[in-house]
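J.: To be precise about what I am sending: the file is called input01.cif and holds mmCIF, C-alpha atoms.
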```
data_data
#
loop_
_atom_site.label_atom_id
_atom_site.label_comp_id
_atom_site.auth_asym_id
_atom_site.auth_seq_id
_atom_site.Cartn_x
_atom_site.Cartn_y
_atom_site.Cartn_z
CA MET A 1 2.22 -18.51 -2.84
CA ILE A 2 3.10 -17.03 -6.21
CA LYS A 3 3.77 -20.11 -8.33
CA LYS A 4 4.00 -20.80 -12.04
CA TYR A 5 1.68 -23.62 -12.99
CA LEU A 6 2.16 -23.11 -16.71
CA LEU A 7 2.94 -26.82 -16.94
CA PHE A 8 -0.70 -27.53 -16.21
CA LEU A 9 -2.30 -25.01 -18.55
CA PHE A 10 -2.66 -27.48 -21.40
CA LEU A 11 -4.66 -29.68 -19.02
CA THR A 12 -6.77 -26.71 -18.01
CA ILE A 13 -7.92 -26.09 -21.58
CA GLY A 14 -9.16 -29.64 -21.92
CA ILE A 15 -10.93 -29.62 -18.56
CA THR A 16 -12.69 -26.26 -18.80
CA THR A 17 -14.11 -26.93 -22.25
CA THR A 18 -15.68 -30.25 -21.26
CA ALA A 19 -16.54 -29.92 -17.58
CA GLN A 20 -17.66 -26.38 -16.97
CA ASP A 21 -21.33 -27.54 -16.67
CA PHE A 22 -20.42 -30.76 -14.90
CA THR A 23 -23.04 -32.12 -12.50
CA LEU A 24 -21.58 -33.57 -9.34
CA SER A 25 -22.55 -36.92 -7.91
CA GLU A 26 -23.59 -37.45 -4.30
CA ALA A 27 -20.09 -38.80 -3.66
CA ALA A 28 -18.38 -35.50 -4.58
CA GLU A 29 -16.32 -33.66 -1.98
CA ILE A 30 -14.90 -30.14 -2.09
CA SER A 31 -11.92 -29.21 0.03
CA VAL A 32 -9.41 -26.45 0.67
CA LEU A 33 -5.75 -27.34 0.14
CA THR A 34 -3.09 -25.48 2.11
CA ILE A 35 0.54 -25.85 1.08
CA GLY A 36 3.48 -25.01 3.32
CA PRO A 37 6.30 -22.56 2.56
CA GLY A 38 8.98 -23.30 0.00
CA ALA A 39 12.63 -22.41 -0.43
CA GLN A 40 12.23 -19.36 -2.68
CA LEU A 41 11.12 -15.93 -1.49
CA TYR A 42 7.88 -16.09 -3.50
CA ASP A 43 7.13 -19.47 -1.87
CA LYS A 44 7.79 -18.41 1.72
CA PHE A 45 4.15 -17.62 2.47
CA GLY A 46 2.62 -20.90 1.31
CA HIS A 47 -0.25 -21.44 -1.10
CA SER A 48 -3.99 -22.23 -1.13
CA ALA A 49 -6.33 -23.87 -3.64
CA PHE A 50 -9.70 -25.61 -3.99
CA ARG A 51 -10.03 -29.31 -4.78
CA ILE A 52 -13.10 -31.02 -6.21
CA LYS A 53 -13.00 -34.81 -6.02
CA ASP A 54 -15.85 -36.89 -7.41
CA SER A 55 -14.91 -40.57 -7.13
CA GLN A 56 -18.17 -41.74 -8.68
CA ASN A 57 -17.47 -39.78 -11.87
CA GLY A 58 -13.70 -40.36 -11.73
CA PHE A 59 -13.03 -36.65 -11.43
CA ASP A 60 -10.31 -34.97 -9.32
CA VAL A 61 -9.21 -31.39 -10.12
CA VAL A 62 -7.65 -28.39 -8.41
CA PHE A 63 -8.67 -24.76 -8.85
CA ASN A 64 -5.66 -22.54 -8.36
CA TYR A 65 -5.81 -18.72 -8.29
CA GLY A 66 -2.02 -18.38 -8.34
CA VAL A 67 -1.41 -18.67 -12.10
CA TYR A 68 0.10 -16.03 -14.35
CA ASP A 69 1.25 -16.12 -17.96
CA PHE A 70 4.89 -15.35 -18.80
CA ASP A 71 3.82 -14.70 -22.40
CA THR A 72 1.83 -11.65 -21.34
CA PRO A 73 2.99 -8.65 -23.44
CA ASN A 74 5.32 -6.36 -21.44
CA PHE A 75 5.34 -8.94 -18.64
CA TYR A 76 8.06 -7.36 -16.48
CA THR A 77 6.78 -3.81 -16.97
CA LYS A 78 3.29 -4.84 -15.89
CA PHE A 79 4.71 -6.78 -12.95
CA ALA A 80 6.69 -3.73 -11.75
CA GLN A 81 3.66 -1.47 -12.18
CA GLY A 82 1.36 -3.84 -10.30
CA LYS A 83 -0.77 -4.29 -13.42
CA LEU A 84 0.02 -7.95 -14.10
CA LEU A 85 -3.13 -10.05 -14.29
CA TYR A 86 -3.25 -13.37 -12.45
CA GLU A 87 -5.82 -16.00 -13.28
CA LEU A 88 -7.67 -19.03 -12.07
CA GLY A 89 -6.05 -22.16 -13.45
CA VAL A 90 -7.44 -25.68 -13.37
CA SER A 91 -5.30 -28.81 -13.24
CA TYR A 92 -5.60 -32.46 -12.40
CA TYR A 93 -4.96 -33.11 -8.72
CA GLN A 94 -2.17 -35.69 -9.00
CA PRO A 95 0.43 -33.56 -10.84
CA PHE A 96 -0.48 -30.63 -8.58
CA TYR A 97 0.17 -32.81 -5.52
CA GLU A 98 3.41 -34.25 -6.92
CA THR A 99 4.78 -30.78 -7.62
CA TYR A 100 4.72 -29.87 -3.92
CA VAL A 101 5.94 -33.28 -2.80
CA ARG A 102 9.03 -32.76 -5.00
CA GLN A 103 9.50 -29.37 -3.38
CA ASN A 104 9.21 -30.98 0.09
CA ARG A 105 6.30 -28.72 1.07
CA TRP A 106 3.63 -30.06 3.40
CA ILE A 107 0.04 -30.31 2.15
CA LYS A 108 -3.07 -30.14 4.34
CA GLU A 109 -6.62 -30.77 3.21
CA GLN A 110 -9.81 -29.49 4.83
CA THR A 111 -12.92 -31.21 3.51
CA LEU A 112 -15.80 -28.75 3.63
CA ASN A 113 -19.07 -29.49 5.38
CA LEU A 114 -21.40 -28.61 2.51
CA THR A 115 -24.79 -29.85 1.40
CA PHE A 116 -25.09 -31.33 -2.07
CA SER A 117 -26.69 -28.17 -3.43
CA GLU A 118 -23.90 -26.03 -1.87
CA LYS A 119 -21.25 -28.26 -3.45
CA GLN A 120 -22.91 -27.94 -6.84
CA GLN A 121 -23.21 -24.19 -6.43
CA LEU A 122 -19.53 -23.87 -5.48
CA SER A 123 -18.50 -26.15 -8.35
CA ASP A 124 -20.52 -24.12 -10.84
CA PHE A 125 -19.02 -20.89 -9.53
CA LEU A 126 -15.45 -22.17 -9.91
CA TRP A 127 -15.99 -23.57 -13.39
CA ASN A 128 -17.63 -20.34 -14.51
CA ASN A 129 -14.80 -18.34 -12.93
CA SER A 130 -12.26 -20.42 -14.90
CA LEU A 131 -13.69 -19.43 -18.28
CA PRO A 132 -11.35 -17.27 -20.42
CA GLU A 133 -13.54 -14.21 -20.03
CA ASN A 134 -13.73 -14.56 -16.21
CA LYS A 135 -10.50 -16.10 -15.00
CA LYS A 136 -8.21 -13.05 -14.90
CA TYR A 137 -7.90 -10.69 -11.93
CA LYS A 138 -5.48 -8.03 -10.78
CA TYR A 139 -3.33 -9.54 -8.06
CA ASP A 140 -2.79 -7.74 -4.76
CA PHE A 141 -0.54 -9.41 -2.18
CA PHE A 142 -2.65 -8.30 0.80
CA TYR A 143 -6.19 -8.04 -0.52
CA ASP A 144 -6.62 -10.20 -3.62
CA ASN A 145 -4.37 -13.24 -3.88
CA CYS A 146 -4.54 -17.02 -4.08
CA ALA A 147 -5.41 -17.20 -0.37
CA THR A 148 -7.99 -14.42 -0.08
CA LYS A 149 -9.75 -15.88 -3.13
CA ILE A 150 -10.56 -19.00 -1.08
CA ARG A 151 -12.27 -16.91 1.59
CA ASP A 152 -14.00 -14.60 -0.88
CA VAL A 153 -15.36 -17.41 -3.06
CA LEU A 154 -16.80 -19.21 -0.04
CA LYS A 155 -18.41 -15.97 1.15
CA GLU A 156 -19.82 -15.37 -2.33
CA VAL A 157 -21.34 -18.85 -2.58
CA LEU A 158 -22.51 -19.37 1.00
CA GLY A 159 -23.47 -15.76 1.69
CA GLU A 160 -24.75 -14.91 5.16
CA LYS A 161 -24.82 -18.58 6.15
CA LEU A 162 -21.01 -18.47 6.50
CA THR A 163 -19.47 -16.84 9.57
CA TYR A 164 -15.75 -16.41 10.16
CA HIS A 165 -15.13 -16.23 13.90
CA ASP A 166 -11.98 -14.54 15.18
CA ASP A 167 -11.55 -15.88 18.70
CA HIS A 168 -8.60 -17.96 17.47
CA ILE A 169 -6.70 -14.69 16.85
CA THR A 170 -5.14 -14.04 20.25
CA GLU A 171 -2.51 -11.44 19.30
CA GLU A 172 -2.68 -8.29 17.23
CA TYR A 173 -0.19 -7.94 14.39
CA THR A 174 0.46 -5.38 11.71
CA PHE A 175 0.63 -6.55 8.11
CA ARG A 176 4.41 -6.14 8.26
CA GLU A 177 4.62 -8.29 11.39
CA LEU A 178 2.51 -10.99 9.74
CA ILE A 179 4.90 -11.04 6.80
CA ALA A 180 7.88 -11.15 9.15
CA LYS A 181 6.57 -14.33 10.79
CA ASN A 182 7.42 -16.15 7.55
CA LEU A 183 10.86 -14.62 7.05
CA ASN A 184 14.20 -14.42 8.80
CA ALA A 185 14.52 -10.76 9.88
CA ASN A 186 18.20 -10.73 8.93
CA SER A 187 17.73 -11.95 5.36
CA TRP A 188 17.93 -10.27 1.98
CA GLY A 189 14.33 -11.13 1.21
CA SER A 190 13.15 -9.47 4.41
CA LEU A 191 15.32 -6.43 3.65
CA VAL A 192 13.91 -5.97 0.14
CA ILE A 193 10.33 -6.27 1.40
CA ASP A 194 10.88 -3.85 4.29
CA VAL A 195 12.50 -1.26 2.03
CA ALA A 196 9.94 -1.54 -0.78
CA LEU A 197 6.76 -1.54 1.31
CA GLY A 198 5.50 1.62 2.97
CA ALA A 199 3.90 2.65 6.23
CA VAL A 200 0.46 1.53 4.98
CA ILE A 201 1.34 -2.02 6.09
CA ASP A 202 2.30 -0.93 9.60
CA ARG A 203 -1.31 -0.66 10.77
CA LYS A 204 -2.90 -3.41 12.83
CA ALA A 205 -4.64 -5.93 10.59
CA LYS A 206 -8.22 -6.95 11.33
CA PRO A 207 -8.64 -10.69 12.05
CA ILE A 208 -10.35 -11.30 8.70
CA GLU A 209 -7.44 -9.51 6.97
CA TYR A 210 -4.98 -12.06 8.36
CA GLN A 211 -6.31 -14.34 5.65
CA PHE A 212 -4.04 -12.92 2.99
CA LEU A 213 -1.74 -15.68 4.29
CA PRO A 214 -2.61 -19.34 3.59
CA ASP A 215 -1.93 -20.37 7.21
CA TYR A 216 -4.72 -18.06 8.34
CA ILE A 217 -7.03 -19.28 5.57
CA TYR A 218 -6.52 -22.68 7.14
CA GLU A 219 -7.11 -21.43 10.70
CA GLY A 220 -10.04 -19.26 9.63
CA ALA A 221 -11.77 -22.20 7.95
CA GLU A 222 -11.18 -24.37 11.02
CA ASN A 223 -12.98 -21.79 13.16
CA ALA A 224 -15.73 -20.86 10.70
CA THR A 225 -19.34 -22.02 10.93
CA VAL A 226 -22.26 -22.44 8.54
CA SER A 227 -25.79 -21.66 9.70
CA ARG A 228 -28.44 -24.23 8.77
CA ASN A 229 -31.90 -24.66 10.28
CA ASN A 230 -31.05 -22.25 13.11
CA THR A 231 -28.00 -24.27 14.11
CA GLU A 232 -24.30 -23.53 13.68
CA GLU A 233 -22.26 -26.26 12.02
CA LYS A 234 -18.50 -26.35 11.53
CA LEU A 235 -17.41 -25.37 8.02
CA VAL A 236 -14.71 -28.08 8.03
CA LYS A 237 -15.82 -31.65 8.60
CA LYS A 238 -12.48 -33.39 8.09
CA ASP A 239 -8.88 -32.23 8.31
CA VAL A 240 -5.98 -34.40 7.12
CA PHE A 241 -2.30 -34.16 6.29
CA LEU A 242 -1.90 -35.29 2.70
CA PHE A 243 1.85 -34.95 2.83
CA GLU A 244 4.16 -34.28 5.76
CA ASN A 245 7.43 -32.80 4.62
CA THR A 246 10.88 -33.64 5.91
CA LYS A 247 11.92 -30.73 8.06
CA THR A 248 15.23 -29.22 7.04
CA GLU A 249 17.14 -26.21 8.27
CA ALA A 250 18.02 -23.73 5.57
CA ALA A 251 21.74 -23.04 5.36
CA ARG A 252 22.43 -19.54 6.62
CA SER A 253 25.68 -17.68 6.93
CA PHE A 254 25.80 -14.59 9.11
CA PHE A 255 28.76 -13.40 7.06
CA LEU A 256 26.51 -13.16 3.99
CA SER A 257 23.60 -11.55 5.85
CA PRO A 258 22.51 -7.91 5.44
CA LEU A 259 23.47 -7.05 9.01
CA PHE A 260 27.05 -8.22 8.47
CA VAL A 261 27.44 -6.76 4.97
CA PHE A 262 26.04 -3.37 5.93
CA GLY A 263 27.91 -3.57 9.22
CA VAL A 264 31.18 -3.81 7.30
CA LEU A 265 30.06 -1.07 4.90
CA GLY A 266 29.03 1.16 7.79
CA LEU A 267 32.35 0.68 9.57
CA LEU A 268 34.19 1.50 6.34
CA ILE A 269 32.24 4.76 5.95
CA ILE A 270 32.90 5.71 9.57
CA PHE A 271 36.60 4.82 9.23
CA ILE A 272 36.99 6.95 6.09
CA THR A 273 35.12 9.78 7.78
CA PHE A 274 37.41 9.61 10.81
CA LYS A 275 40.49 9.64 8.57
CA ASN A 276 39.07 12.62 6.67
CA TYR A 277 38.48 14.45 9.95
CA LYS A 278 41.99 13.72 11.25
CA ASN A 279 43.65 14.70 7.96
CA ASN A 280 41.42 17.69 7.30
CA THR A 281 40.37 16.24 3.91
CA ARG A 282 37.23 14.87 2.26
CA ASN A 283 36.81 11.71 0.22
CA ARG A 284 34.81 13.07 -2.69
CA LEU A 285 34.24 9.65 -4.28
CA LEU A 286 32.60 8.36 -1.11
CA ASP A 287 30.19 11.29 -1.01
CA PHE A 288 29.46 10.89 -4.72
CA LEU A 289 28.60 7.21 -4.22
CA ILE A 290 26.43 7.88 -1.16
CA PHE A 291 24.41 10.52 -3.00
CA LEU A 292 24.19 8.35 -6.14
CA VAL A 293 23.06 5.15 -4.42
CA THR A 294 20.67 6.66 -1.86
CA GLY A 295 19.20 9.05 -4.45
CA SER A 296 18.66 6.25 -6.99
CA ILE A 297 16.94 4.04 -4.41
CA GLY A 298 14.79 7.01 -3.45
CA PHE A 299 13.61 7.48 -7.03
CA LEU A 300 12.78 3.78 -7.23
CA LEU A 301 10.68 4.07 -4.05
CA LEU A 302 8.91 7.12 -5.46
CA PHE A 303 8.15 5.13 -8.61
CA LEU A 304 6.67 2.29 -6.56
CA TRP A 305 4.60 4.78 -4.57
CA PHE A 306 3.21 7.06 -7.27
CA ALA A 307 3.65 5.29 -10.62
CA THR A 308 2.33 1.81 -9.85
CA ASP A 309 -0.88 0.15 -8.72
CA HIS A 310 0.83 -1.55 -5.78
CA THR A 311 -1.21 -0.61 -2.71
CA ALA A 312 1.49 -1.60 -0.21
CA THR A 313 4.24 0.71 -1.47
CA ALA A 314 2.60 4.01 -0.49
CA ASN A 315 3.75 6.33 2.31
CA ASN A 316 7.22 4.83 2.37
CA ASN A 317 9.34 6.47 5.05
CA ASN A 318 12.48 4.78 3.75
CA LEU A 319 12.66 8.00 1.74
CA PHE A 320 14.08 9.57 4.89
CA TRP A 321 17.38 7.80 4.23
CA ALA A 322 17.00 7.17 0.49
CA PHE A 323 16.34 10.82 -0.32
CA PRO A 324 15.80 11.14 -4.10
CA ILE A 325 16.91 14.80 -4.32
CA SER A 326 20.49 13.68 -3.59
CA LEU A 327 20.67 12.30 -7.11
CA PHE A 328 20.59 15.86 -8.50
CA PHE A 329 23.61 16.82 -6.40
CA ILE A 330 26.01 13.99 -7.22
CA PHE A 331 28.27 16.22 -9.33
CA ALA A 332 27.97 19.15 -6.96
CA ILE A 333 29.19 17.02 -4.05
CA PHE A 334 31.98 15.55 -6.20
CA ARG A 335 33.51 18.97 -6.90
CA LYS A 336 36.78 19.74 -5.15
CA ASN A 337 35.34 23.00 -3.86
CA PRO A 338 31.58 22.45 -3.48
CA LYS A 339 29.15 25.25 -2.79
CA PRO A 340 28.75 26.13 0.91
CA TRP A 341 24.97 25.53 0.73
CA LEU A 342 25.68 21.80 0.49
CA ALA A 343 26.56 21.98 4.19
CA SER A 344 22.94 22.90 4.88
CA TYR A 345 21.80 20.06 2.62
CA ALA A 346 23.96 17.60 4.56
CA LYS A 347 22.36 18.90 7.76
CA LEU A 348 18.93 18.29 6.21
CA LEU A 349 19.90 14.69 5.42
CA PHE A 350 20.91 14.20 9.04
CA ILE A 351 17.60 15.65 10.25
CA LEU A 352 15.74 13.25 7.96
CA LEU A 353 17.55 10.34 9.65
CA VAL A 354 16.37 11.71 13.00
CA PHE A 355 12.80 11.74 11.64
CA LEU A 356 13.30 8.12 10.56
CA LEU A 357 14.24 7.19 14.12
CA ILE A 358 11.23 9.03 15.53
CA HIS A 359 8.85 7.29 13.12
CA TRP A 360 10.40 3.95 14.06
CA VAL A 361 10.06 4.56 17.81
CA LEU A 362 6.47 5.79 17.45
CA GLY A 363 5.52 2.77 15.34
CA VAL A 364 4.60 4.77 12.24
CA GLN A 365 6.81 2.45 10.18
CA SER A 366 9.26 -0.30 11.02
CA PHE A 367 12.57 -0.53 9.21
CA THR A 368 14.82 -3.47 8.47
CA ILE A 369 17.46 -4.25 11.09
CA GLY A 370 19.94 -5.04 8.33
CA LEU A 371 20.26 -1.34 7.46
CA VAL A 372 20.85 -0.09 11.02
CA PRO A 373 24.66 0.04 10.61
CA LEU A 374 24.19 2.02 7.38
CA PHE A 375 21.84 4.49 9.09
CA ILE A 376 24.45 5.12 11.80
CA ALA A 377 27.24 5.53 9.26
CA LEU A 378 25.19 7.93 7.13
CA ALA A 379 24.39 10.01 10.20
CA VAL A 380 28.11 10.25 11.07
CA ARG A 381 29.01 11.18 7.48
CA TYR A 382 26.30 13.86 7.21
CA VAL A 383 27.39 15.48 10.49
CA PHE A 384 30.96 15.54 9.18
CA LEU A 385 29.83 17.08 5.87
CA SER A 386 27.65 19.70 7.54
CA PHE A 387 30.75 21.09 9.26
CA ARG A 388 33.35 20.30 6.62
CA LEU A 389 31.50 21.91 3.73
CA LYS A 390 31.24 25.19 5.61
CA SER A 391 34.98 25.59 5.25
CA VAL A 392 36.18 27.70 2.36
CA GLY A 393 38.21 25.69 -0.13
CA SER A 394 37.29 22.29 1.33
CA LEU A 395 38.96 19.40 -0.44
#
```
Written as structure tokens, how would this file's structure read?

T.:
Amino acid sequence: MIKKYLLFLFLTIGITTTAQDFTLSEAAEISVLTIGPGAQLYDKFGHSAFRIKDSQNGFDVVFNYGVYDFDTPNFYTKFAQGKLLYELGVSYYQPFYETYVRQNRWIKEQTLNLTFSEKQQLSDFLWNNSLPENKKYKYDFFYDNCATKIRDVLKEVLGEKLTYHDDHITEEYTFRELIAKNLNANSWGSLVIDVALGAVIDRKAKPIEYQFLPDYIYEGAENATVSRNNTEEKLVKKDVFLFENTKTEAARSFFLSPLFVFGVLGLLIIFITFKNYKNNTRNRLLDFLIFLVTGSIGFLLLFLWFATDHTATANNNNLFWAFPISLFFIFAIFRKNPKPWLASYAKLLFILLVFLLIHWVLGVQSFTIGLVPLFIALAVRYVFLSFRLKSVGSL
């Protein structure tokens, strides 16, 4: 969905300066393009765009709300803070089409059932929206992206005449579950998303909210109607496959997956803990690393929650295992003879893991399966520390 069409920007400049007041011919058609998922994480959810084709005037362009500019000052800082502006880009259809063919991503086209005046109105809206002073918007993955723009523009132009029906939605999903449908649960991309995004995406999405995903923009348009002269007409009059991709299975190795990697890490932590228990010792480096890594991740999650404009990173219960306060105690836990109160802190960390389990069971927030072995290992280590650190002169 998030794709760099900088290659087409030089075309955009030429088009927008000459065609922004372009009058369509009777032969003009406007359609919605839906592109299938790609190989990269940012492509996994597909893409959507408008196409205006006017064969009589020799005109065929695509309006794409998925453009951003790498030359934006402080690009990465703004991206991390959720302040990066996306924009509506305009390109010729053929290079747009060829880009996705090269990526082996299927392309569907839904020609819209619009009157001539509605086509002209939609065309005018898009051209006006592509002007330098209008084209930028603050991207939001769930509420304002390249897919939702298709729905919102159609609603803006057609107004109350357009109705999105929801009887094609037969199952209720949370936002997180909708994302998961496009990802392998035991993948690094899925893990990063599940850790970074908070409990706000674990509520059930309304049918109209499913349309943050291009597949549901497609389905929503198929089931939408336009009211004219007291009759309901289908919004889509023709639906075609422009390009059918060659289906390929992505190479996956379980031995490189999060579940395996964290499984090995979890077993190592449990093994060291067992050896420490048997030998009446404590591996101080292990405790230092656990506090350092979990505390650092916790501070990153706090940053995403409170210091950014990302709406989906709030109320993140991953803080139950990535507890940021641990970062302040990395040197205290590394001491040969730590303070006895750290035993109570270790007990608190264990209790937080219990809260994590309760929230998971109750459906407050779902957590990635790849970290389950780590959760178990951390629980074992914290129980060990809560008893071990009570001892005077612990090593």

J.: Select, from A:Asp194, A:Leu267, A:Leu348, A:Ile208, the residue with the minimum atom-to-atom distance to A:Ala312, counting all atoms listed in the file.

T.: A:Asp194

J.: Starting from the displayed file, determine the output of the PyMOL selection byres ((chain A and resi 270) around 9) and express the residue list as JSON, numbers by chain.

T.: {"A": [265, 266, 267, 268, 269, 271, 272, 273, 274, 275, 376, 377, 378, 380, 381]}

J.: Do a neighbour search on A:Phe334 at 8 Å with only C-alpha atoms, toss out local chain neighbours closer than 2 positions, and write the hits as a list in words.

T.: Arg284, Leu285, Asp287, Phe288, Ile330, Phe331, Ala332, Lys336 and Pro338 of chain A

J.: At a cut-off of 10 Å, using all atoms listed in the file, what residues contact stretch 102-114 of chain A? Leave out same-chain residues fewer than 6 positions from it and give the result as a PyMOL selection string.

T.: chain A and resi 29-39+43+46-52+120+122+158+218+221-222+225-226+233-248

J.: What do you get, as a ChimeraX atom specification, if you spell out every residue that the PyMOL selection byres ((chain A and resi 339) around 10) selects here?

T.: /A:332-333,335-338,340-343,389-394

J.: With distances taken over all atoms listed in the file, which of A:Asn283, A:Gln365, A:Gln81, A:Asn129 is nearest to A:His310?

T.: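 Between A:Asn283, A:Gln365, A:Gln81, A:Asn129, the residue approaching A:His310 most closely is A:Gln81.
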
J.: Which residue is closest to A:Phe367? Choose from A:Phe320, A:Phe329, A:Phe63, A:Phe291 and count all atoms listed in the file.

T.: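 Using all atoms listed in the file, A:Phe367 sits closest to A:Phe320.
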
J.: Could you check which of A:Phe260, A:Lys78, A:Tyr164, A:Tyr65 is closest to A:Ser91, using all atoms listed in the file?

T.: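 Closest residue, counting all atoms listed in the file: A:Tyr65.
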
J.: As a check of understanding, name the residues that the PyMOL selection byres ((chain A and resi 313) around 6) selects in the supplied structure, as an MDAnalysis selection string.

T.: chainID A and resid 197:198 304:305 310:312 314

J.: Just want the 12 Å neighbourhood of A:Ile169, counted on all atoms listed in the file, with same-chain residues fewer than 4 positions away dropped. Output as an mmCIF file with C-alpha atoms, keeping the file's coordinate frame.

T.:
```cif
data_model
loop_
_atom_site.group_PDB
_atom_site.id
_atom_site.type_symbol
_atom_site.label_atom_id
_atom_site.label_comp_id
_atom_site.auth_asym_id
_atom_site.auth_seq_id
_atom_site.Cartn_x
_atom_site.Cartn_y
_atom_site.Cartn_z
ATOM 1 C CA TYR A 164 -15.750 -16.410 10.160
ATOM 2 C CA HIS A 165 -15.130 -16.230 13.900
ATOM 3 C CA TYR A 173 -0.190 -7.940 14.390
ATOM 4 C CA ALA A 205 -4.640 -5.930 10.590
ATOM 5 C CA LYS A 206 -8.220 -6.950 11.330
ATOM 6 C CA PRO A 207 -8.640 -10.690 12.050
ATOM 7 C CA ILE A 208 -10.350 -11.300 8.700
ATOM 8 C CA GLU A 209 -7.440 -9.510 6.970
ATOM 9 C CA TYR A 210 -4.980 -12.060 8.360
ATOM 10 C CA GLN A 211 -6.310 -14.340 5.650
ATOM 11 C CA TYR A 216 -4.720 -18.060 8.340
ATOM 12 C CA GLU A 219 -7.110 -21.430 10.700
ATOM 13 C CA GLY A 220 -10.040 -19.260 9.630
ATOM 14 C CA ASN A 223 -12.980 -21.790 13.160
#
```

J.: With distances taken over all atoms listed in the file, which of A:Asn184, A:Ser55, A:Phe125, A:Asn230 is nearest to A:Lys161?

T.: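 Result for the nearest residue to A:Lys161: A:Asn230.
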
J.: Work out how far apart atom CA of A:Leu349 and atom CA of A:Gly370 are and give it in Å to one decimal.

T.: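 We find that atom CA of A:Leu349 and atom CA of A:Gly370 lie 19.9 Å from each other.
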